[in-house]
$ cat target-v2.pdb   # PDB, C-alpha atoms
MODEL        1
ATOM      1  CA  MET A   1      -0.110 -29.609 -20.479  1.00  0.00           C
ATOM      2  CA  LYS A   2       3.623 -28.837 -20.358  1.00  0.00           C
ATOM      3  CA  LYS A   3       3.536 -27.721 -23.994  1.00  0.00           C
ATOM      4  CA  LYS A   4       0.614 -25.368 -23.316  1.00  0.00           C
ATOM      5  CA  LEU A   5       2.319 -23.883 -20.271  1.00  0.00           C
ATOM      6  CA  ALA A   6       5.581 -23.456 -22.184  1.00  0.00           C
ATOM      7  CA  ALA A   7       3.753 -21.790 -25.078  1.00  0.00           C
ATOM      8  CA  LEU A   8       1.961 -19.379 -22.753  1.00  0.00           C
ATOM      9  CA  THR A   9       5.219 -18.572 -20.962  1.00  0.00           C
ATOM     10  CA  LEU A  10       6.841 -17.773 -24.305  1.00  0.00           C
ATOM     11  CA  LEU A  11       3.866 -15.604 -25.212  1.00  0.00           C
ATOM     12  CA  LEU A  12       4.139 -13.680 -21.949  1.00  0.00           C
ATOM     13  CA  LEU A  13       7.876 -13.206 -22.415  1.00  0.00           C
ATOM     14  CA  SER A  14       7.518 -12.091 -26.010  1.00  0.00           C
ATOM     15  CA  THR A  15       4.873  -9.556 -24.994  1.00  0.00           C
ATOM     16  CA  ALA A  16       7.192  -8.156 -22.345  1.00  0.00           C
ATOM     17  CA  ALA A  17      10.123  -8.004 -24.763  1.00  0.00           C
ATOM     18  CA  HIS A  18       7.937  -6.454 -27.463  1.00  0.00           C
ATOM     19  CA  SER A  19       6.700  -3.768 -25.058  1.00  0.00           C
ATOM     20  CA  GLU A  20      10.181  -2.400 -24.347  1.00  0.00           C
ATOM     21  CA  GLY A  21      10.910   0.758 -26.240  1.00  0.00           C
ATOM     22  CA  PHE A  22       7.282   1.868 -26.588  1.00  0.00           C
ATOM     23  CA  GLY A  23       7.419   4.498 -23.860  1.00  0.00           C
ATOM     24  CA  ASP A  24       7.860   8.047 -25.027  1.00  0.00           C
ATOM     25  CA  SER A  25       7.525  11.388 -23.319  1.00  0.00           C
ATOM     26  CA  SER A  26       4.775  12.641 -25.665  1.00  0.00           C
ATOM     27  CA  GLY A  27       2.016  10.993 -23.605  1.00  0.00           C
ATOM     28  CA  GLY A  28       1.121   8.475 -26.311  1.00  0.00           C
ATOM     29  CA  GLY A  29       3.190   5.906 -24.437  1.00  0.00           C
ATOM     30  CA  VAL A  30       0.611   5.900 -21.640  1.00  0.00           C
ATOM     31  CA  TRP A  31      -2.031   4.485 -23.981  1.00  0.00           C
ATOM     32  CA  VAL A  32       0.388   1.941 -25.398  1.00  0.00           C
ATOM     33  CA  GLU A  33       1.345   0.917 -21.857  1.00  0.00           C
ATOM     34  CA  ARG A  34      -2.329   0.534 -20.968  1.00  0.00           C
ATOM     35  CA  GLU A  35      -2.955  -1.638 -24.024  1.00  0.00           C
ATOM     36  CA  ILE A  36       0.019  -3.841 -23.172  1.00  0.00           C
ATOM     37  CA  LEU A  37      -1.099  -4.217 -19.550  1.00  0.00           C
ATOM     38  CA  GLU A  38      -4.619  -5.116 -20.657  1.00  0.00           C
ATOM     39  CA  ARG A  39      -3.172  -7.809 -22.951  1.00  0.00           C
ATOM     40  CA  TYR A  40      -1.039  -9.013 -20.033  1.00  0.00           C
ATOM     41  CA  LEU A  41      -4.160  -9.362 -17.870  1.00  0.00           C
ATOM     42  CA  ALA A  42      -5.844 -11.429 -20.589  1.00  0.00           C
ATOM     43  CA  GLN A  43      -2.778 -13.681 -20.755  1.00  0.00           C
ATOM     44  CA  LEU A  44      -2.773 -14.073 -16.970  1.00  0.00           C
ATOM     45  CA  ASN A  45      -6.382 -15.198 -17.223  1.00  0.00           C
ATOM     46  CA  SER A  46      -5.288 -17.826 -19.769  1.00  0.00           C
ATOM     47  CA  LEU A  47      -2.499 -18.870 -17.419  1.00  0.00           C
ATOM     48  CA  ASN A  48      -5.029 -19.401 -14.625  1.00  0.00           C
ATOM     49  CA  GLN A  49      -7.039 -21.675 -16.901  1.00  0.00           C
ATOM     50  CA  LEU A  50      -3.906 -23.712 -17.656  1.00  0.00           C
ATOM     51  CA  LEU A  51      -3.101 -23.925 -13.945  1.00  0.00           C
ATOM     52  CA  ASP A  52      -6.616 -25.228 -13.274  1.00  0.00           C
ATOM     53  CA  GLU A  53      -6.160 -27.884 -15.974  1.00  0.00           C
ATOM     54  CA  GLY A  54      -2.765 -28.839 -14.599  1.00  0.00           C
ATOM     55  CA  GLN A  55      -4.105 -29.122 -11.073  1.00  0.00           C
ATOM     56  CA  LEU A  56      -6.896 -31.432 -12.238  1.00  0.00           C
ATOM     57  CA  MET A  57      -4.468 -33.632 -14.173  1.00  0.00           C
ATOM     58  CA  ALA A  58      -1.727 -33.732 -11.520  1.00  0.00           C
ATOM     59  CA  ASP A  59      -0.695 -37.083 -10.098  1.00  0.00           C
ATOM     60  CA  LYS A  60      -1.709 -36.848  -6.434  1.00  0.00           C
ATOM     61  CA  ASN A  61       0.564 -39.778  -5.547  1.00  0.00           C
ATOM     62  CA  ARG A  62       3.841 -38.048  -6.476  1.00  0.00           C
ATOM     63  CA  ARG A  63       6.371 -37.503  -3.718  1.00  0.00           C
ATOM     64  CA  VAL A  64       6.646 -33.828  -4.554  1.00  0.00           C
ATOM     65  CA  ASN A  65       3.632 -31.886  -5.770  1.00  0.00           C
ATOM     66  CA  LEU A  66       3.456 -28.438  -7.297  1.00  0.00           C
ATOM     67  CA  GLU A  67       1.762 -25.909  -5.030  1.00  0.00           C
ATOM     68  CA  TYR A  68      -0.937 -24.888  -7.499  1.00  0.00           C
ATOM     69  CA  SER A  69      -2.900 -22.935  -4.901  1.00  0.00           C
ATOM     70  CA  GLN A  70       0.138 -20.786  -4.071  1.00  0.00           C
ATOM     71  CA  ILE A  71       0.870 -20.121  -7.749  1.00  0.00           C
ATOM     72  CA  LYS A  72      -2.761 -19.211  -8.410  1.00  0.00           C
ATOM     73  CA  ARG A  73      -2.740 -16.900  -5.380  1.00  0.00           C
ATOM     74  CA  ASP A  74       0.395 -15.180  -6.734  1.00  0.00           C
ATOM     75  CA  VAL A  75      -1.123 -14.808 -10.205  1.00  0.00           C
ATOM     76  CA  HIS A  76      -4.293 -13.418  -8.624  1.00  0.00           C
ATOM     77  CA  GLU A  77      -2.311 -10.840  -6.651  1.00  0.00           C
ATOM     78  CA  ILE A  78      -0.414  -9.779  -9.791  1.00  0.00           C
ATOM     79  CA  THR A  79      -3.739  -9.447 -11.605  1.00  0.00           C
ATOM     80  CA  LEU A  80      -5.159  -7.305  -8.800  1.00  0.00           C
ATOM     81  CA  LYS A  81      -2.110  -5.034  -8.784  1.00  0.00           C
ATOM     82  CA  VAL A  82      -2.090  -4.493 -12.538  1.00  0.00           C
ATOM     83  CA  GLN A  83      -5.851  -3.928 -12.640  1.00  0.00           C
ATOM     84  CA  HIS A  84      -5.580  -1.487  -9.745  1.00  0.00           C
ATOM     85  CA  TYR A  85      -2.810   0.393 -11.572  1.00  0.00           C
ATOM     86  CA  LEU A  86      -5.050   0.663 -14.637  1.00  0.00           C
ATOM     87  CA  ASP A  87      -8.079   1.782 -12.607  1.00  0.00           C
ATOM     88  CA  ALA A  88      -6.550   4.089  -9.979  1.00  0.00           C
ATOM     89  CA  PRO A  89      -2.765   4.498 -10.203  1.00  0.00           C
ATOM     90  CA  SER A  90      -2.609   7.233  -7.561  1.00  0.00           C
ATOM     91  CA  VAL A  91      -4.308   5.166  -4.812  1.00  0.00           C
ATOM     92  CA  PRO A  92      -1.986   3.015  -2.646  1.00  0.00           C
ATOM     93  CA  PHE A  93      -2.364  -0.696  -3.319  1.00  0.00           C
ATOM     94  CA  GLU A  94      -2.179  -1.994   0.260  1.00  0.00           C
ATOM     95  CA  GLN A  95      -5.939  -1.905   0.690  1.00  0.00           C
ATOM     96  CA  TYR A  96      -6.242  -4.685  -1.904  1.00  0.00           C
ATOM     97  CA  ARG A  97      -3.627  -7.016  -0.405  1.00  0.00           C
ATOM     98  CA  VAL A  98      -4.448 -10.694  -0.983  1.00  0.00           C
ATOM     99  CA  THR A  99      -4.857 -12.794   2.140  1.00  0.00           C
ATOM    100  CA  ASN A 100      -4.545 -16.549   2.535  1.00  0.00           C
ATOM    101  CA  ASP A 101      -7.819 -17.245   0.809  1.00  0.00           C
ATOM    102  CA  ALA A 102      -8.675 -20.909   0.259  1.00  0.00           C
ATOM    103  CA  ARG A 103     -10.252 -20.128  -3.153  1.00  0.00           C
ATOM    104  CA  TYR A 104      -6.856 -20.234  -4.871  1.00  0.00           C
TER     105      TYR A 104
ENDMDL
END

$ encode --input "target-v2.pdb" --output "structure tokens"
Amino acid sequence: MKKKLAALTLLLLSTAAHSEGFGDSSGGGVWVEREILERYLAQLNSLNQLLDEGQLMADKNRRVNLEYSQIKRDVHEITLKVQHYLDAPSVPFEQYRVTNDARY
């Protein structure tokens, strides 16, 4: 599990590092940005699957436990914000604010 999470983290970081320098003022950068953000959303979906696996495999008897529900809620909010930016960048995001939903 730790190896999978580390690999996904490296993938996310490499995508972010690779994306720097793509923006240009010709307008083509907008499409490249969109493609990168869509890839980022797919990777966040993979991260959620790893978090689900980790939560199932976690030792419930440990003194200190990872707050999987909080992490999943944060990832969900990031996903909502990026998706909103792709769908309607001129509309304020506040209407989509994540609440303390027990699903995460």

$ resolve_selection --input "target-v2.pdb" --expression "the PyMOL selection byres ((chain A and resi 78) around 12)" --output "VMD selection string"
chain A and resid 37 40 to 41 43 to 45 48 71 to 77 79 to 85 93 96 to 98

$ atom_distance --input "target-v2.pdb" --atom1 "CA of Trp31 (chain A)" --atom2 "CA of Val91 (chain A)"
19.3 Å

$ atom_distance --input "target-v2.pdb" --atom1 "CA of Glu38 (chain A)" --atom2 "CA of Glu94 (chain A)"
21.3 Å

$ build_atoms --input "target-v2.pdb" --residues "region 27-47 of chain A" --atoms "N, CA, C and O atoms" --output "PDB file, in the coordinates of the input"
ATOM      1  N   GLY A  27       3.301  11.345 -24.204  1.00  0.00           N
ATOM      2  CA  GLY A  27       2.016  10.993 -23.605  1.00  0.00           C
ATOM      3  C   GLY A  27       1.343   9.840 -24.327  1.00  0.00           C
ATOM      4  O   GLY A  27       0.468   9.196 -23.783  1.00  0.00           O
ATOM      5  N   GLY A  28       1.693   9.594 -25.571  1.00  0.00           N
ATOM      6  CA  GLY A  28       1.121   8.475 -26.311  1.00  0.00           C
ATOM      7  C   GLY A  28       1.534   7.148 -25.721  1.00  0.00           C
ATOM      8  O   GLY A  28       0.837   6.154 -25.850  1.00  0.00           O
ATOM      9  N   GLY A  29       2.696   7.130 -25.054  1.00  0.00           N
ATOM     10  CA  GLY A  29       3.190   5.906 -24.437  1.00  0.00           C
ATOM     11  C   GLY A  29       2.281   5.398 -23.340  1.00  0.00           C
ATOM     12  O   GLY A  29       2.235   4.201 -23.074  1.00  0.00           O
ATOM     13  N   VAL A  30       1.531   6.299 -22.703  1.00  0.00           N
ATOM     14  CA  VAL A  30       0.611   5.900 -21.640  1.00  0.00           C
ATOM     15  C   VAL A  30      -0.464   4.974 -22.200  1.00  0.00           C
ATOM     16  O   VAL A  30      -0.809   3.967 -21.598  1.00  0.00           O
ATOM     17  N   TRP A  31      -0.986   5.306 -23.381  1.00  0.00           N
ATOM     18  CA  TRP A  31      -2.031   4.485 -23.981  1.00  0.00           C
ATOM     19  C   TRP A  31      -1.475   3.158 -24.469  1.00  0.00           C
ATOM     20  O   TRP A  31      -2.132   2.131 -24.382  1.00  0.00           O
ATOM     21  N   VAL A  32      -0.249   3.183 -24.964  1.00  0.00           N
ATOM     22  CA  VAL A  32       0.388   1.941 -25.398  1.00  0.00           C
ATOM     23  C   VAL A  32       0.646   1.062 -24.179  1.00  0.00           C
ATOM     24  O   VAL A  32       0.402  -0.142 -24.210  1.00  0.00           O
ATOM     25  N   GLU A  33       1.119   1.677 -23.091  1.00  0.00           N
ATOM     26  CA  GLU A  33       1.345   0.917 -21.857  1.00  0.00           C
ATOM     27  C   GLU A  33       0.049   0.282 -21.388  1.00  0.00           C
ATOM     28  O   GLU A  33       0.010  -0.890 -21.007  1.00  0.00           O
ATOM     29  N   ARG A  34      -1.038   1.045 -21.416  1.00  0.00           N
ATOM     30  CA  ARG A  34      -2.329   0.534 -20.968  1.00  0.00           C
ATOM     31  C   ARG A  34      -2.763  -0.660 -21.817  1.00  0.00           C
ATOM     32  O   ARG A  34      -3.232  -1.663 -21.304  1.00  0.00           O
ATOM     33  N   GLU A  35      -2.590  -0.548 -23.126  1.00  0.00           N
ATOM     34  CA  GLU A  35      -2.955  -1.638 -24.024  1.00  0.00           C
ATOM     35  C   GLU A  35      -2.140  -2.891 -23.721  1.00  0.00           C
ATOM     36  O   GLU A  35      -2.667  -4.006 -23.686  1.00  0.00           O
ATOM     37  N   ILE A  36      -0.861  -2.709 -23.483  1.00  0.00           N
ATOM     38  CA  ILE A  36       0.019  -3.841 -23.172  1.00  0.00           C
ATOM     39  C   ILE A  36      -0.395  -4.491 -21.859  1.00  0.00           C
ATOM     40  O   ILE A  36      -0.467  -5.717 -21.749  1.00  0.00           O
ATOM     41  N   LEU A  37      -0.692  -3.672 -20.848  1.00  0.00           N
ATOM     42  CA  LEU A  37      -1.099  -4.217 -19.550  1.00  0.00           C
ATOM     43  C   LEU A  37      -2.445  -4.936 -19.644  1.00  0.00           C
ATOM     44  O   LEU A  37      -2.651  -5.961 -18.986  1.00  0.00           O
ATOM     45  N   GLU A  38      -3.340  -4.429 -20.465  1.00  0.00           N
ATOM     46  CA  GLU A  38      -4.619  -5.116 -20.657  1.00  0.00           C
ATOM     47  C   GLU A  38      -4.419  -6.469 -21.343  1.00  0.00           C
ATOM     48  O   GLU A  38      -5.066  -7.454 -20.987  1.00  0.00           O
ATOM     49  N   ARG A  39      -3.507  -6.525 -22.313  1.00  0.00           N
ATOM     50  CA  ARG A  39      -3.172  -7.809 -22.951  1.00  0.00           C
ATOM     51  C   ARG A  39      -2.544  -8.753 -21.938  1.00  0.00           C
ATOM     52  O   ARG A  39      -2.815  -9.958 -21.928  1.00  0.00           O
ATOM     53  N   TYR A  40      -1.685  -8.212 -21.073  1.00  0.00           N
ATOM     54  CA  TYR A  40      -1.039  -9.013 -20.033  1.00  0.00           C
ATOM     55  C   TYR A  40      -2.087  -9.625 -19.098  1.00  0.00           C
ATOM     56  O   TYR A  40      -2.007 -10.795 -18.742  1.00  0.00           O
ATOM     57  N   LEU A  41      -3.091  -8.834 -18.727  1.00  0.00           N
ATOM     58  CA  LEU A  41      -4.160  -9.362 -17.870  1.00  0.00           C
ATOM     59  C   LEU A  41      -4.909 -10.502 -18.565  1.00  0.00           C
ATOM     60  O   LEU A  41      -5.240 -11.503 -17.926  1.00  0.00           O
ATOM     61  N   ALA A  42      -5.161 -10.360 -19.845  1.00  0.00           N
ATOM     62  CA  ALA A  42      -5.844 -11.429 -20.589  1.00  0.00           C
ATOM     63  C   ALA A  42      -4.985 -12.697 -20.602  1.00  0.00           C
ATOM     64  O   ALA A  42      -5.496 -13.812 -20.463  1.00  0.00           O
ATOM     65  N   GLN A  43      -3.674 -12.522 -20.747  1.00  0.00           N
ATOM     66  CA  GLN A  43      -2.778 -13.681 -20.755  1.00  0.00           C
ATOM     67  C   GLN A  43      -2.695 -14.317 -19.371  1.00  0.00           C
ATOM     68  O   GLN A  43      -2.598 -15.544 -19.259  1.00  0.00           O
ATOM     69  N   LEU A  44      -2.754 -13.505 -18.323  1.00  0.00           N
ATOM     70  CA  LEU A  44      -2.773 -14.073 -16.970  1.00  0.00           C
ATOM     71  C   LEU A  44      -4.040 -14.888 -16.759  1.00  0.00           C
ATOM     72  O   LEU A  44      -4.006 -15.934 -16.098  1.00  0.00           O
ATOM     73  N   ASN A  45      -5.141 -14.442 -17.321  1.00  0.00           N
ATOM     74  CA  ASN A  45      -6.382 -15.198 -17.223  1.00  0.00           C
ATOM     75  C   ASN A  45      -6.223 -16.557 -17.917  1.00  0.00           C
ATOM     76  O   ASN A  45      -6.662 -17.588 -17.401  1.00  0.00           O
ATOM     77  N   SER A  46      -5.561 -16.560 -19.068  1.00  0.00           N
ATOM     78  CA  SER A  46      -5.288 -17.826 -19.769  1.00  0.00           C
ATOM     79  C   SER A  46      -4.375 -18.724 -18.937  1.00  0.00           C
ATOM     80  O   SER A  46      -4.557 -19.940 -18.890  1.00  0.00           O
ATOM     81  N   LEU A  47      -3.403 -18.114 -18.277  1.00  0.00           N
ATOM     82  CA  LEU A  47      -2.499 -18.870 -17.419  1.00  0.00           C
ATOM     83  C   LEU A  47      -3.271 -19.525 -16.278  1.00  0.00           C
ATOM     84  O   LEU A  47      -3.027 -20.690 -15.948  1.00  0.00           O
TER      85      LEU A  47
END
